[in-house]
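Trainee: Contents of data31.cif (mmCIF, C-alpha atoms) are given next:
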data_input
#
loop_
_atom_site.group_PDB
_atom_site.id
_atom_site.type_symbol
_atom_site.label_atom_id
_atom_site.label_comp_id
_atom_site.auth_asym_id
_atom_site.auth_seq_id
_atom_site.Cartn_x
_atom_site.Cartn_y
_atom_site.Cartn_z
ATOM 1 C CA MET O 96 27.863 -3.600 9.679
ATOM 2 C CA SER O 97 24.692 -4.454 11.596
ATOM 3 C CA LEU O 98 21.241 -4.050 10.068
ATOM 4 C CA TRP O 99 20.317 -1.959 13.112
ATOM 5 C CA SER O 100 22.724 0.766 12.034
ATOM 6 C CA TYR O 101 20.128 1.736 9.388
ATOM 7 C CA ALA O 102 17.793 2.605 12.250
ATOM 8 C CA ASN O 103 19.892 5.746 12.615
ATOM 9 C CA PRO O 104 17.815 8.485 10.866
ATOM 10 C CA ARG O 105 20.886 10.176 9.346
ATOM 11 C CA ARG O 106 22.177 6.911 7.895
ATOM 12 C CA PHE O 107 18.674 6.014 6.696
ATOM 13 C CA LEU O 108 18.454 9.286 4.753
ATOM 14 C CA ASP O 109 21.988 8.846 3.356
ATOM 15 C CA VAL O 110 21.254 5.333 2.090
ATOM 16 C CA THR O 111 17.735 5.860 0.735
ATOM 17 C CA THR O 112 18.171 9.267 -0.962
ATOM 18 C CA PRO O 113 20.340 8.034 -3.882
ATOM 19 C CA ALA O 114 18.233 4.865 -4.236
ATOM 20 C CA LEU O 115 14.869 6.629 -4.465
ATOM 21 C CA PRO O 116 15.032 7.937 -8.089
ATOM 22 C CA TRP O 117 15.959 4.417 -9.305
ATOM 23 C CA LEU O 118 13.199 2.843 -7.246
ATOM 24 C CA TRP O 119 10.577 5.308 -8.500
ATOM 25 C CA GLY O 120 11.756 4.843 -12.097
ATOM 26 C CA ALA O 121 11.623 1.038 -11.899
ATOM 27 C CA ALA O 122 8.250 1.119 -10.104
ATOM 28 C CA LEU O 123 6.587 3.396 -12.651
ATOM 29 C CA LEU O 124 8.136 1.535 -15.605
ATOM 30 C CA LEU O 125 7.036 -1.907 -14.381
ATOM 31 C CA THR O 126 3.556 -0.760 -13.318
ATOM 32 C CA ALA O 127 2.929 1.034 -16.624
ATOM 33 C CA THR O 128 4.292 -1.924 -18.643
ATOM 34 C CA GLY O 129 2.154 -4.435 -16.754
ATOM 35 C CA LEU O 130 -1.032 -2.367 -16.981
ATOM 36 C CA LEU O 131 -0.591 -1.514 -20.675
ATOM 37 C CA TRP O 132 0.283 -5.146 -21.489
ATOM 38 C CA GLY O 133 -2.729 -6.419 -19.564
ATOM 39 C CA PHE O 134 -5.151 -3.823 -20.924
ATOM 40 C CA PHE O 135 -4.187 -3.798 -24.590
ATOM 41 C CA LEU O 136 -2.516 -7.121 -25.339
ATOM 42 C CA THR O 137 -4.412 -9.815 -23.437
ATOM 43 C CA PRO O 138 -7.596 -11.542 -24.644
ATOM 44 C CA ASP O 139 -10.985 -11.493 -22.935
ATOM 45 C CA ASP O 140 -11.850 -14.349 -20.599
ATOM 46 C CA TYR O 141 -14.301 -16.851 -22.077
ATOM 47 C CA ARG O 142 -16.735 -16.360 -19.165
ATOM 48 C CA GLN O 143 -15.926 -12.952 -17.678
ATOM 49 C CA GLY O 144 -15.312 -11.097 -20.938
ATOM 50 C CA SER O 145 -13.249 -7.902 -20.743
ATOM 51 C CA THR O 146 -13.814 -7.536 -16.969
ATOM 52 C CA VAL O 147 -10.840 -9.892 -16.515
ATOM 53 C CA LYS O 148 -8.645 -6.844 -17.277
ATOM 54 C CA ILE O 149 -9.553 -5.526 -13.808
ATOM 55 C CA ILE O 150 -7.384 -8.321 -12.365
ATOM 56 C CA TYR O 151 -4.213 -6.301 -13.121
ATOM 57 C CA LEU O 152 -5.273 -3.675 -10.584
ATOM 58 C CA HIS O 153 -7.318 -5.762 -8.182
ATOM 59 C CA VAL O 154 -4.893 -8.565 -7.318
ATOM 60 C CA PRO O 155 -1.708 -6.464 -6.778
ATOM 61 C CA SER O 156 -3.569 -3.871 -4.697
ATOM 62 C CA ALA O 157 -5.279 -6.544 -2.565
ATOM 63 C CA MET O 158 -1.956 -8.317 -1.973
ATOM 64 C CA LEU O 159 -0.320 -5.076 -0.895
ATOM 65 C CA ALA O 160 -3.258 -4.006 1.271
ATOM 66 C CA ILE O 161 -2.656 -7.106 3.402
ATOM 67 C CA ASN O 162 1.150 -7.133 3.213
ATOM 68 C CA ALA O 163 1.403 -3.427 4.076
ATOM 69 C CA TRP O 164 -0.267 -4.210 7.400
ATOM 70 C CA ILE O 165 2.128 -7.136 7.950
ATOM 71 C CA MET O 166 5.046 -4.773 7.259
ATOM 72 C CA MET O 167 3.550 -2.292 9.759
ATOM 73 C CA LEU O 168 3.256 -5.139 12.274
ATOM 74 C CA VAL O 169 6.959 -6.013 11.924
ATOM 75 C CA ALA O 170 7.949 -2.326 12.210
ATOM 76 C CA SER O 171 5.659 -1.894 15.249
ATOM 77 C CA LEU O 172 7.184 -4.923 16.967
ATOM 78 C CA ILE O 173 10.686 -3.529 16.337
ATOM 79 C CA TRP O 174 9.527 -0.246 17.883
ATOM 80 C CA LEU O 175 8.023 -1.982 20.927
ATOM 81 C CA VAL O 176 11.069 -4.200 21.504
ATOM 82 C CA ARG O 177 14.032 -2.051 20.442
ATOM 83 C CA ARG O 178 12.567 1.503 20.475
ATOM 84 C CA HIS O 179 14.022 2.478 17.079
ATOM 85 C CA HIS O 180 12.266 5.659 15.940
ATOM 86 C CA VAL O 181 12.788 4.950 12.233
ATOM 87 C CA SER O 182 10.765 1.736 12.499
ATOM 88 C CA ALA O 183 7.848 3.550 14.178
ATOM 89 C CA LEU O 184 7.989 6.242 11.494
ATOM 90 C CA ALA O 185 8.158 3.602 8.733
ATOM 91 C CA ALA O 186 4.986 2.001 10.117
ATOM 92 C CA ARG O 187 3.311 5.418 10.172
ATOM 93 C CA ALA O 188 4.513 6.088 6.604
ATOM 94 C CA ALA O 189 3.139 2.774 5.315
ATOM 95 C CA ALA O 190 -0.386 3.231 6.692
ATOM 96 C CA PRO O 191 -1.748 5.709 4.080
ATOM 97 C CA VAL O 192 -0.206 3.558 1.346
ATOM 98 C CA GLY O 193 -1.946 0.457 2.718
ATOM 99 C CA LEU O 194 -5.157 2.462 3.077
ATOM 100 C CA ALA O 195 -4.992 3.538 -0.587
ATOM 101 C CA MET O 196 -4.284 -0.055 -1.682
ATOM 102 C CA THR O 197 -7.287 -1.280 0.334
ATOM 103 C CA LEU O 198 -9.480 1.369 -1.303
ATOM 104 C CA VAL O 199 -8.251 0.348 -4.771
ATOM 105 C CA ALA O 200 -8.898 -3.340 -3.998
ATOM 106 C CA LEU O 201 -12.408 -2.627 -2.677
ATOM 107 C CA TRP O 202 -13.275 -0.269 -5.551
ATOM 108 C CA THR O 203 -12.036 -2.553 -8.346
ATOM 109 C CA GLY O 204 -13.626 -5.558 -6.628
ATOM 110 C CA ALA O 205 -16.997 -3.794 -6.377
ATOM 111 C CA VAL O 206 -16.926 -2.677 -10.011
ATOM 112 C CA TRP O 207 -15.901 -6.202 -11.085
ATOM 113 C CA GLY O 208 -18.514 -7.833 -8.856
ATOM 114 C CA SER O 209 -21.359 -5.743 -10.231
ATOM 115 C CA PRO O 210 -21.643 -7.549 -13.625
ATOM 116 C CA MET O 211 -20.219 -10.911 -12.432
ATOM 117 C CA TRP O 212 -22.088 -11.387 -9.150
ATOM 118 C CA GLY O 213 -25.019 -9.082 -9.867
ATOM 119 C CA THR O 214 -24.143 -6.902 -6.867
ATOM 120 C CA TRP O 215 -21.540 -4.268 -5.959
ATOM 121 C CA TRP O 216 -21.252 -5.525 -2.415
ATOM 122 C CA ALA O 217 -22.068 -8.607 -0.336
ATOM 123 C CA TRP O 218 -21.214 -9.416 3.289
ATOM 124 C CA ASP O 219 -18.985 -12.198 2.063
ATOM 125 C CA PRO O 220 -16.147 -13.321 4.426
ATOM 126 C CA ARG O 221 -13.326 -11.901 2.307
ATOM 127 C CA LEU O 222 -15.125 -8.656 1.477
ATOM 128 C CA THR O 223 -16.164 -8.141 5.095
ATOM 129 C CA SER O 224 -12.673 -8.821 6.471
ATOM 130 C CA PHE O 225 -11.280 -6.360 3.901
ATOM 131 C CA PHE O 226 -13.818 -3.743 4.967
ATOM 132 C CA ILE O 227 -12.765 -4.227 8.599
ATOM 133 C CA LEU O 228 -9.124 -3.899 7.494
ATOM 134 C CA LEU O 229 -10.048 -0.554 5.873
ATOM 135 C CA LEU O 230 -11.558 0.601 9.199
ATOM 136 C CA PHE O 231 -8.364 -0.443 11.002
ATOM 137 C CA TYR O 232 -6.274 1.573 8.529
ATOM 138 C CA LEU O 233 -8.494 4.636 9.096
ATOM 139 C CA GLY O 234 -8.285 4.189 12.864
ATOM 140 C CA TYR O 235 -4.506 3.761 12.729
ATOM 141 C CA VAL O 236 -3.987 6.942 10.665
ATOM 142 C CA ALA O 237 -6.406 8.880 12.902
ATOM 143 C CA LEU O 238 -4.674 7.685 16.086
ATOM 144 C CA TRP O 239 -1.273 8.926 14.880
ATOM 145 C CA GLU O 240 -2.823 12.324 14.152
ATOM 146 C CA ALA O 241 -4.759 12.479 17.427
ATOM 147 C CA VAL O 242 -1.907 11.903 19.918
ATOM 148 C CA PRO O 243 0.495 14.864 20.215
ATOM 149 C CA ASP O 244 3.410 13.018 21.839
ATOM 150 C CA PRO O 245 5.139 10.950 19.096
ATOM 151 C CA ASP O 246 6.399 8.170 21.407
ATOM 152 C CA THR O 247 2.981 7.706 23.021
ATOM 153 C CA ALA O 248 1.390 7.718 19.557
ATOM 154 C CA ALA O 249 3.884 5.065 18.409
ATOM 155 C CA ASP O 250 3.069 2.892 21.458
ATOM 156 C CA LEU O 251 -0.701 3.184 20.988
ATOM 157 C CA THR O 252 -0.635 2.630 17.224
ATOM 158 C CA SER O 253 1.651 -0.400 17.689
ATOM 159 C CA GLY O 254 -0.975 -1.911 19.983
ATOM 160 C CA LEU O 255 -3.691 -1.202 17.411
ATOM 161 C CA CYS O 256 -1.493 -2.747 14.723
ATOM 162 C CA LEU O 257 -1.156 -5.976 16.726
ATOM 163 C CA VAL O 258 -4.953 -6.252 17.050
ATOM 164 C CA GLY O 259 -5.545 -5.392 13.380
ATOM 165 C CA SER O 260 -3.134 -8.120 12.275
ATOM 166 C CA VAL O 261 -5.850 -10.666 13.043
ATOM 167 C CA PHE O 262 -8.037 -9.086 10.331
ATOM 168 C CA ALA O 263 -5.151 -8.707 7.894
ATOM 169 C CA LEU O 264 -4.473 -12.443 8.197
ATOM 170 C CA LEU O 265 -8.194 -13.174 8.093
ATOM 171 C CA SER O 266 -8.426 -11.214 4.813
ATOM 172 C CA ARG O 267 -5.602 -13.305 3.404
ATOM 173 C CA TYR O 268 -6.943 -16.716 4.403
ATOM 174 C CA ALA O 269 -10.729 -16.126 4.513
ATOM 175 C CA VAL O 270 -11.226 -17.696 1.072
ATOM 176 C CA ASN O 271 -9.453 -20.861 2.186
ATOM 177 C CA PHE O 272 -11.580 -21.738 5.183
ATOM 178 C CA TRP O 273 -14.914 -20.005 4.451
ATOM 179 C CA SER O 274 -16.314 -21.534 1.314
ATOM 180 C CA GLN O 275 -19.806 -20.042 1.472
ATOM 181 C CA GLY O 276 -18.789 -16.595 0.165
ATOM 182 C CA LEU O 277 -19.188 -15.107 -3.298
ATOM 183 C CA HIS O 278 -15.483 -14.400 -3.668
ATOM 184 C CA GLN O 279 -13.510 -17.018 -5.564
ATOM 185 C CA GLY O 280 -10.527 -18.853 -4.098
ATOM 186 C CA ALA O 281 -6.954 -17.593 -4.391
ATOM 187 C CA THR O 282 -6.182 -16.305 -7.921
ATOM 188 C CA LEU O 283 -2.557 -17.372 -7.838
ATOM 189 C CA SER O 284 -1.247 -20.812 -7.025
ATOM 190 C CA LEU O 285 2.104 -22.581 -7.161
ATOM 191 C CA ASP O 286 0.221 -25.539 -8.643
ATOM 192 C CA ALA O 287 0.313 -25.000 -12.437
ATOM 193 C CA ARG O 288 -3.070 -26.773 -12.886
ATOM 194 C CA GLU O 289 -4.810 -24.378 -10.497
ATOM 195 C CA ASN O 290 -3.037 -21.202 -11.571
ATOM 196 C CA ILE O 291 -4.486 -18.820 -14.160
ATOM 197 C CA ALA O 292 -3.361 -19.180 -17.805
ATOM 198 C CA ASP O 293 0.054 -17.767 -18.719
ATOM 199 C CA VAL O 294 -1.482 -15.177 -21.036
ATOM 200 C CA PHE O 295 -2.994 -13.482 -17.952
ATOM 201 C CA TRP O 296 -0.363 -14.601 -15.438
ATOM 202 C CA LEU O 297 2.695 -12.977 -17.065
ATOM 203 C CA PRO O 298 1.368 -9.377 -17.260
ATOM 204 C CA LEU O 299 -0.109 -9.877 -13.774
ATOM 205 C CA LEU O 300 3.335 -10.844 -12.505
ATOM 206 C CA VAL O 301 4.783 -7.618 -13.984
ATOM 207 C CA CYS O 302 1.981 -5.597 -12.343
ATOM 208 C CA ILE O 303 2.622 -7.251 -8.971
ATOM 209 C CA ALA O 304 6.362 -6.483 -9.250
ATOM 210 C CA GLY O 305 5.522 -2.881 -10.199
ATOM 211 C CA PHE O 306 3.104 -2.435 -7.282
ATOM 212 C CA VAL O 307 5.627 -3.912 -4.823
ATOM 213 C CA LEU O 308 8.315 -1.477 -6.010
ATOM 214 C CA LEU O 309 5.774 1.370 -5.902
ATOM 215 C CA PHE O 310 4.948 0.426 -2.313
ATOM 216 C CA VAL O 311 8.640 0.373 -1.339
ATOM 217 C CA ALA O 312 9.291 3.718 -3.078
ATOM 218 C CA LEU O 313 6.255 5.325 -1.423
ATOM 219 C CA VAL O 314 7.110 4.007 2.057
ATOM 220 C CA LEU O 315 10.760 5.098 1.837
ATOM 221 C CA THR O 316 9.769 8.558 0.538
ATOM 222 C CA ARG O 317 7.158 8.974 3.249
ATOM 223 C CA THR O 318 9.554 7.713 5.955
ATOM 224 C CA GLN O 319 12.084 10.349 4.866
ATOM 225 C CA THR O 320 9.315 12.945 5.178
ATOM 226 C CA GLU O 321 8.373 11.743 8.671
ATOM 227 C CA ILE O 322 12.027 11.874 9.787
ATOM 228 C CA ARG O 323 12.353 15.441 8.471
ATOM 229 C CA ALA O 324 9.049 16.486 10.082
ATOM 230 C CA ARG O 325 10.187 15.164 13.461
ATOM 231 C CA ARG O 326 13.613 16.772 13.119
ATOM 232 C CA LEU O 327 12.127 20.163 12.173
ATOM 233 C CA ARG O 328 9.695 19.948 15.074
ATOM 234 C CA ALA O 329 12.586 19.312 17.484
ATOM 235 C CA LEU O 330 14.641 22.171 16.003
ATOM 236 C CA ARG O 331 11.725 24.609 16.323
ATOM 237 C CA LEU O 332 10.961 23.552 19.881
ATOM 238 C CA ARG O 333 14.634 24.039 20.779
ATOM 239 C CA ALA O 334 14.688 27.479 19.122
ATOM 240 C CA ARG O 335 11.513 28.476 20.971
ATOM 241 C CA GLY O 336 13.047 27.273 24.234
ATOM 242 C CA ALA O 337 16.205 29.320 23.614
ATOM 243 C CA GLU O 338 14.138 32.454 22.896
ATOM 244 C CA ALA O 339 12.171 31.987 26.120
ATOM 245 C CA MET F 234 -8.172 0.677 -27.986
ATOM 246 C CA PRO F 235 -9.376 -2.880 -27.311
ATOM 247 C CA ASP F 236 -13.048 -3.683 -27.774
ATOM 248 C CA LEU F 237 -14.333 -4.023 -24.208
ATOM 249 C CA GLY F 238 -17.767 -5.229 -25.317
ATOM 250 C CA PRO F 239 -20.709 -4.967 -22.913
ATOM 251 C CA TYR F 240 -18.438 -4.348 -19.888
ATOM 252 C CA ALA F 241 -16.722 -1.200 -21.206
ATOM 253 C CA LEU F 242 -18.227 0.995 -18.467
ATOM 254 C CA GLU F 243 -17.175 -1.313 -15.614
ATOM 255 C CA VAL F 244 -13.603 -1.713 -16.902
ATOM 256 C CA ALA F 245 -13.281 2.046 -17.524
ATOM 257 C CA LEU F 246 -14.644 2.855 -14.052
ATOM 258 C CA ALA F 247 -12.274 0.370 -12.384
ATOM 259 C CA TYR F 248 -9.202 1.762 -14.154
ATOM 260 C CA ALA F 249 -10.182 5.426 -13.744
ATOM 261 C CA GLY F 250 -10.958 5.096 -10.025
ATOM 262 C CA ALA F 251 -7.886 3.023 -9.182
ATOM 263 C CA LEU F 252 -5.472 5.222 -11.147
ATOM 264 C CA LEU F 253 -7.005 8.333 -9.583
ATOM 265 C CA ILE F 254 -6.441 6.972 -6.053
ATOM 266 C CA LEU F 255 -2.846 5.941 -6.860
ATOM 267 C CA ALA F 256 -2.076 9.266 -8.571
ATOM 268 C CA ALA F 257 -3.489 11.205 -5.580
ATOM 269 C CA LEU F 258 -1.350 9.136 -3.189
ATOM 270 C CA CYS F 259 1.841 9.628 -5.237
ATOM 271 C CA GLY F 260 1.103 13.350 -5.725
ATOM 272 C CA ALA F 261 0.403 14.000 -2.033
ATOM 273 C CA THR F 262 3.527 12.018 -1.055
ATOM 274 C CA TRP F 263 5.745 13.984 -3.437
ATOM 275 C CA ILE F 264 4.331 17.418 -2.489
ATOM 276 C CA ARG F 265 4.826 16.818 1.268
ATOM 277 C CA TRP F 266 8.308 15.306 0.715
ATOM 278 C CA LYS F 267 9.403 18.351 -1.333
ATOM 279 C CA ARG F 268 7.906 20.867 1.139
ATOM 280 C CA LEU F 269 9.693 19.336 4.132
ATOM 281 C CA ARG F 270 12.990 18.911 2.265
ATOM 282 C CA ASP F 271 12.858 22.612 1.311
ATOM 283 C CA GLU F 272 11.915 23.627 4.874
ATOM 284 C CA GLU F 273 14.833 21.606 6.233
ATOM 285 C CA ARG F 274 17.221 23.291 3.790
ATOM 286 C CA ASP F 275 15.899 26.731 4.802
ATOM 287 C CA GLU F 276 16.284 25.843 8.477
ATOM 288 C CA HIS F 277 19.942 24.946 7.950
ATOM 289 C CA GLY F 278 20.519 28.061 5.846
#
Just give me the structure as C-alpha cells.
Mentor:
Amino acid sequence: MSLWSYANPRRFLDVTTPALPWLWGAALLLTATGLLWGFFLTPDDYRQGSTVKIIYLHVPSAMLAINAWIMMLVASLIWLVRRHHVSALAARAAAPVGLAMTLVALWTGAVWGSPMWGTWWAWDPRLTSFFILLLFYLGYVALWEAVPDPDTAADLTSGLCLVGSVFALLSRYAVNFWSQGLHQGATLSLDARENIADVFWLPLLVCIAGFVLLFVALVLTRTQTEIRARRLRALRLRARGAEA
Amino acid sequence: MPDLGPYALEVALAYAGALLILAALCGATWIRWKRLRDEERDEHG
C-alpha cells in the first residue's frame, strides 16, 4: 500500500483514531518522567546552580519550535506539488503547536538568561532569529484565519512557510556561524567530550522523547479536528444549497 | 522539594510559565477536538 493512501482523510482518521490514546499516554508519561527526574533527582551545575533545571524545558521546546516549521515546510511542499488536502491541514494543525513551543523556548530562555547573562533579552543572533520565527508563526496562523477559501489559504501559507524556512534554519545554525552572541553553542553533541554530562543528558533525552511524542499527538489530534471542520463546513454548505 | 538556592524564583517562573503554555495548548486542542467530533456525530444522526 502506498504512503499516499494515508492522504485520504477517511483513511487518515481510521488509522490515527486508535493510535491517539496510546500516543497521548506515552507522551504524557515520558514528559512527566523526564521533568520530574530532571527537577528532583539531578544536581545543580557548578556554575549555573539550580537554573540548569530549566534545560529540561528549554532545549526540547527550542528543538521542536524549529522542527515544527520544518515539518510544516515538508507538508506545504506536498500540498504544492501533489495537492493532498490532509498535508495542508497537517501544516495548519502544526502551526499553533510550533508557536507554543517557540513561546516556551523564548520564555524559559529569558528567565534563564536573567541571572546568567544579567539581562532577560539581548539582540543576539540566535535570540533574534527565534523572535523572527515567532513572528512568522503568528503571521502563518493569522493568514490561515484571514483567507476564507481553504485552497487559496493553503497556497498562500505554503508560500509563507517557504520564506520562513530561512529563519527556522537560521535559528538552528546561528550559534555555529555567529560567535559574537551571548547564547552558548549547541547543548547536545555526538562528540562525547563536548556533550553535557550524563547526569543531565539522560533526563534531557527522556524530556526530548516526551516532547516529540507530545508534538506528534497534538498535530495528529489537531489534523483530525481540521478534517472534521472542513467536512462539516462542506456538509452545511451543501444543506444550505439544497434548501435554496 | 529540592533546594533551588538563590535562583528559586527564576526556576519556578520558568516551570510555571512553560507548563501553563503547554497545558493551555493541550486543553484548547482537546476541547476543539471533542466539540467537532460531537458536532460530526450529531450531523450524521
Trainee: Where does chain F meet chain O within 7 Å, residue by residue, with the nearest atom pair and distance in Å to one decimal for each, counting all atoms listed in the file, listed by chain and rising number, as JSON lines?
Mentor:
{"residue": "F:Met234", "atom": "CA", "partner": "O:Phe135", "partner_atom": "CA", "distance": 6.9}
{"residue": "F:Pro235", "atom": "CA", "partner": "O:Phe135", "partner_atom": "CA", "distance": 5.9}
{"residue": "F:Leu237", "atom": "CA", "partner": "O:Ser145", "partner_atom": "CA", "distance": 5.3}
{"residue": "F:Gly238", "atom": "CA", "partner": "O:Ser145", "partner_atom": "CA", "distance": 7.0}
{"residue": "F:Tyr240", "atom": "CA", "partner": "O:Thr146", "partner_atom": "CA", "distance": 6.3}
{"residue": "F:Glu243", "atom": "CA", "partner": "O:Val206", "partner_atom": "CA", "distance": 5.8}
{"residue": "F:Val244", "atom": "CA", "partner": "O:Thr146", "partner_atom": "CA", "distance": 5.8}
{"residue": "F:Ala247", "atom": "CA", "partner": "O:Thr203", "partner_atom": "CA", "distance": 5.0}
{"residue": "F:Ala251", "atom": "CA", "partner": "O:Val199", "partner_atom": "CA", "distance": 5.2}
{"residue": "F:Ile254", "atom": "CA", "partner": "O:Ala195", "partner_atom": "CA", "distance": 6.6}
{"residue": "F:Thr262", "atom": "CA", "partner": "O:Arg317", "partner_atom": "CA", "distance": 6.4}
{"residue": "F:Trp266", "atom": "CA", "partner": "O:Thr320", "partner_atom": "CA", "distance": 5.1}
{"residue": "F:Leu269", "atom": "CA", "partner": "O:Arg323", "partner_atom": "CA", "distance": 6.4}
{"residue": "F:Glu273", "atom": "CA", "partner": "O:Leu327", "partner_atom": "CA", "distance": 6.7}
Trainee: Write out as AutoDock Vina command-line options an axis-aligned box for range 251-267 of chain F: all of its atoms listed in the file, 6 Å added on each side, centre and edge lengths in Å with one decimal.
Mentor:
--center_x 0.8 --center_y 10.7 --center_z -4.9 --size_x 29.3 --size_y 27.3 --size_z 24.4
Trainee: Here's the selection I'm unsure about, the PyMOL selection byres ((chain O and resi 159-162) around 8); applied to the file above, which residues does it give, as a compact mmCIF listing (two decimals) with C-alpha atoms, in the coordinates of the input?
Mentor:
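The new file part23.txt reads:
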# COMPACT_ATOMS: atom_id res chain seq x y z
CA PRO O 155 -1.71 -6.46 -6.78
CA SER O 156 -3.57 -3.87 -4.70
CA ALA O 157 -5.28 -6.54 -2.56
CA MET O 158 -1.96 -8.32 -1.97
CA ALA O 163 1.40 -3.43 4.08
CA TRP O 164 -0.27 -4.21 7.40
CA ILE O 165 2.13 -7.14 7.95
CA MET O 166 5.05 -4.77 7.26
CA GLY O 193 -1.95 0.46 2.72
CA LEU O 194 -5.16 2.46 3.08
CA ALA O 195 -4.99 3.54 -0.59
CA MET O 196 -4.28 -0.06 -1.68
CA THR O 197 -7.29 -1.28 0.33
CA ALA O 200 -8.90 -3.34 -4.00
CA ALA O 263 -5.15 -8.71 7.89
CA LEU O 264 -4.47 -12.44 8.20
CA SER O 266 -8.43 -11.21 4.81
CA ARG O 267 -5.60 -13.30 3.40
CA PHE O 306 3.10 -2.44 -7.28
CA VAL O 307 5.63 -3.91 -4.82
CA PHE O 310 4.95 0.43 -2.31
Trainee: Any chance you could work out the residue set of the PyMOL selection byres ((chain O and resi 249-254) around 9) here, as an MDAnalysis selection string?
Mentor: chainID O and resid 167:168 170:172 174:175 180 183:184 186:187 234:236 238:239 242 244:248 255:259
Trainee: Using Å and a single decimal, report how far CA of Pro220 in chain O sits from CA of Asp140 in chain O.
Mentor: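 CA of Asp140 in chain O sits 25.4 Å away from CA of Pro220 in chain O.
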Trainee: Got a sec to resolve the PyMOL selection byres ((chain O and resi 119) around 9) on this structure and send the residues as a list in words?
Mentor: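 Checking the PyMOL selection byres ((chain O and resi 119) around 9) against this file, the residues are Ala114, Leu115, Pro116, Trp117, Leu118, Gly120, Ala121, Ala122, Leu123, Leu124, Leu308, Leu309, Val311, Ala312 and Leu313 of chain O.
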Trainee: Calculate how many Å separate CA of Val169 in chain O from CA of Ala185 in chain O, rounding to one decimal.
Mentor: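 Taking CA of Val169 in chain O as the start and CA of Ala185 in chain O as the end point, the length is 10.2 Å.
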Trainee: Can you tell me how far CA of Thr126 in chain O sits from CA of Asp236 in chain F, in Å to one decimal?
Mentor: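 Pair CA of Thr126 in chain O / CA of Asp236 in chain F returns 22.2 Å.
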Trainee: As a CSV table (one decimal), in the frame of the given file, could you write out range 245-258 of chain F once it has been completed with N, CA, C and O atoms?
Mentor:
chain,number,residue,atom,x,y,z
F,245,ALA,N,-13.7,0.6,-17.5
F,245,ALA,CA,-13.3,2.0,-17.5
F,245,ALA,C,-13.4,2.6,-16.1
F,245,ALA,O,-12.5,3.3,-15.7
F,246,LEU,N,-14.5,2.3,-15.4
F,246,LEU,CA,-14.6,2.9,-14.1
F,246,LEU,C,-13.6,2.3,-13.1
F,246,LEU,O,-13.0,3.0,-12.3
F,247,ALA,N,-13.3,1.0,-13.3
F,247,ALA,CA,-12.3,0.4,-12.4
F,247,ALA,C,-10.9,1.0,-12.6
F,247,ALA,O,-10.2,1.4,-11.6
F,248,TYR,N,-10.5,1.2,-13.9
F,248,TYR,CA,-9.2,1.8,-14.2
F,248,TYR,C,-9.1,3.2,-13.7
F,248,TYR,O,-8.2,3.7,-13.1
F,249,ALA,N,-10.2,4.0,-14.1
F,249,ALA,CA,-10.2,5.4,-13.7
F,249,ALA,C,-10.1,5.6,-12.2
F,249,ALA,O,-9.3,6.4,-11.7
F,250,GLY,N,-10.9,4.9,-11.5
F,250,GLY,CA,-11.0,5.1,-10.0
F,250,GLY,C,-9.6,4.7,-9.4
F,250,GLY,O,-9.1,5.4,-8.5
F,251,ALA,N,-9.1,3.5,-9.8
F,251,ALA,CA,-7.9,3.0,-9.2
F,251,ALA,C,-6.7,3.9,-9.5
F,251,ALA,O,-5.9,4.3,-8.6
F,252,LEU,N,-6.6,4.4,-10.8
F,252,LEU,CA,-5.5,5.2,-11.1
F,252,LEU,C,-5.6,6.6,-10.5
F,252,LEU,O,-4.6,7.2,-10.1
F,253,LEU,N,-6.8,7.1,-10.3
F,253,LEU,CA,-7.0,8.3,-9.6
F,253,LEU,C,-6.5,8.2,-8.1
F,253,LEU,O,-5.8,9.1,-7.6
F,254,ILE,N,-6.9,7.2,-7.5
F,254,ILE,CA,-6.4,7.0,-6.1
F,254,ILE,C,-4.9,6.9,-6.0
F,254,ILE,O,-4.3,7.5,-5.1
F,255,LEU,N,-4.3,6.1,-6.9
F,255,LEU,CA,-2.8,5.9,-6.9
F,255,LEU,C,-2.1,7.3,-7.2
F,255,LEU,O,-1.1,7.6,-6.6
F,256,ALA,N,-2.7,8.0,-8.2
F,256,ALA,CA,-2.1,9.3,-8.6
F,256,ALA,C,-2.2,10.3,-7.4
F,256,ALA,O,-1.2,11.0,-7.1
F,257,ALA,N,-3.3,10.3,-6.7
F,257,ALA,CA,-3.5,11.2,-5.6
F,257,ALA,C,-2.5,10.9,-4.5
F,257,ALA,O,-1.9,11.8,-3.9
F,258,LEU,N,-2.3,9.6,-4.2
F,258,LEU,CA,-1.4,9.1,-3.2
F,258,LEU,C,0.1,9.6,-3.6
F,258,LEU,O,0.8,10.1,-2.7
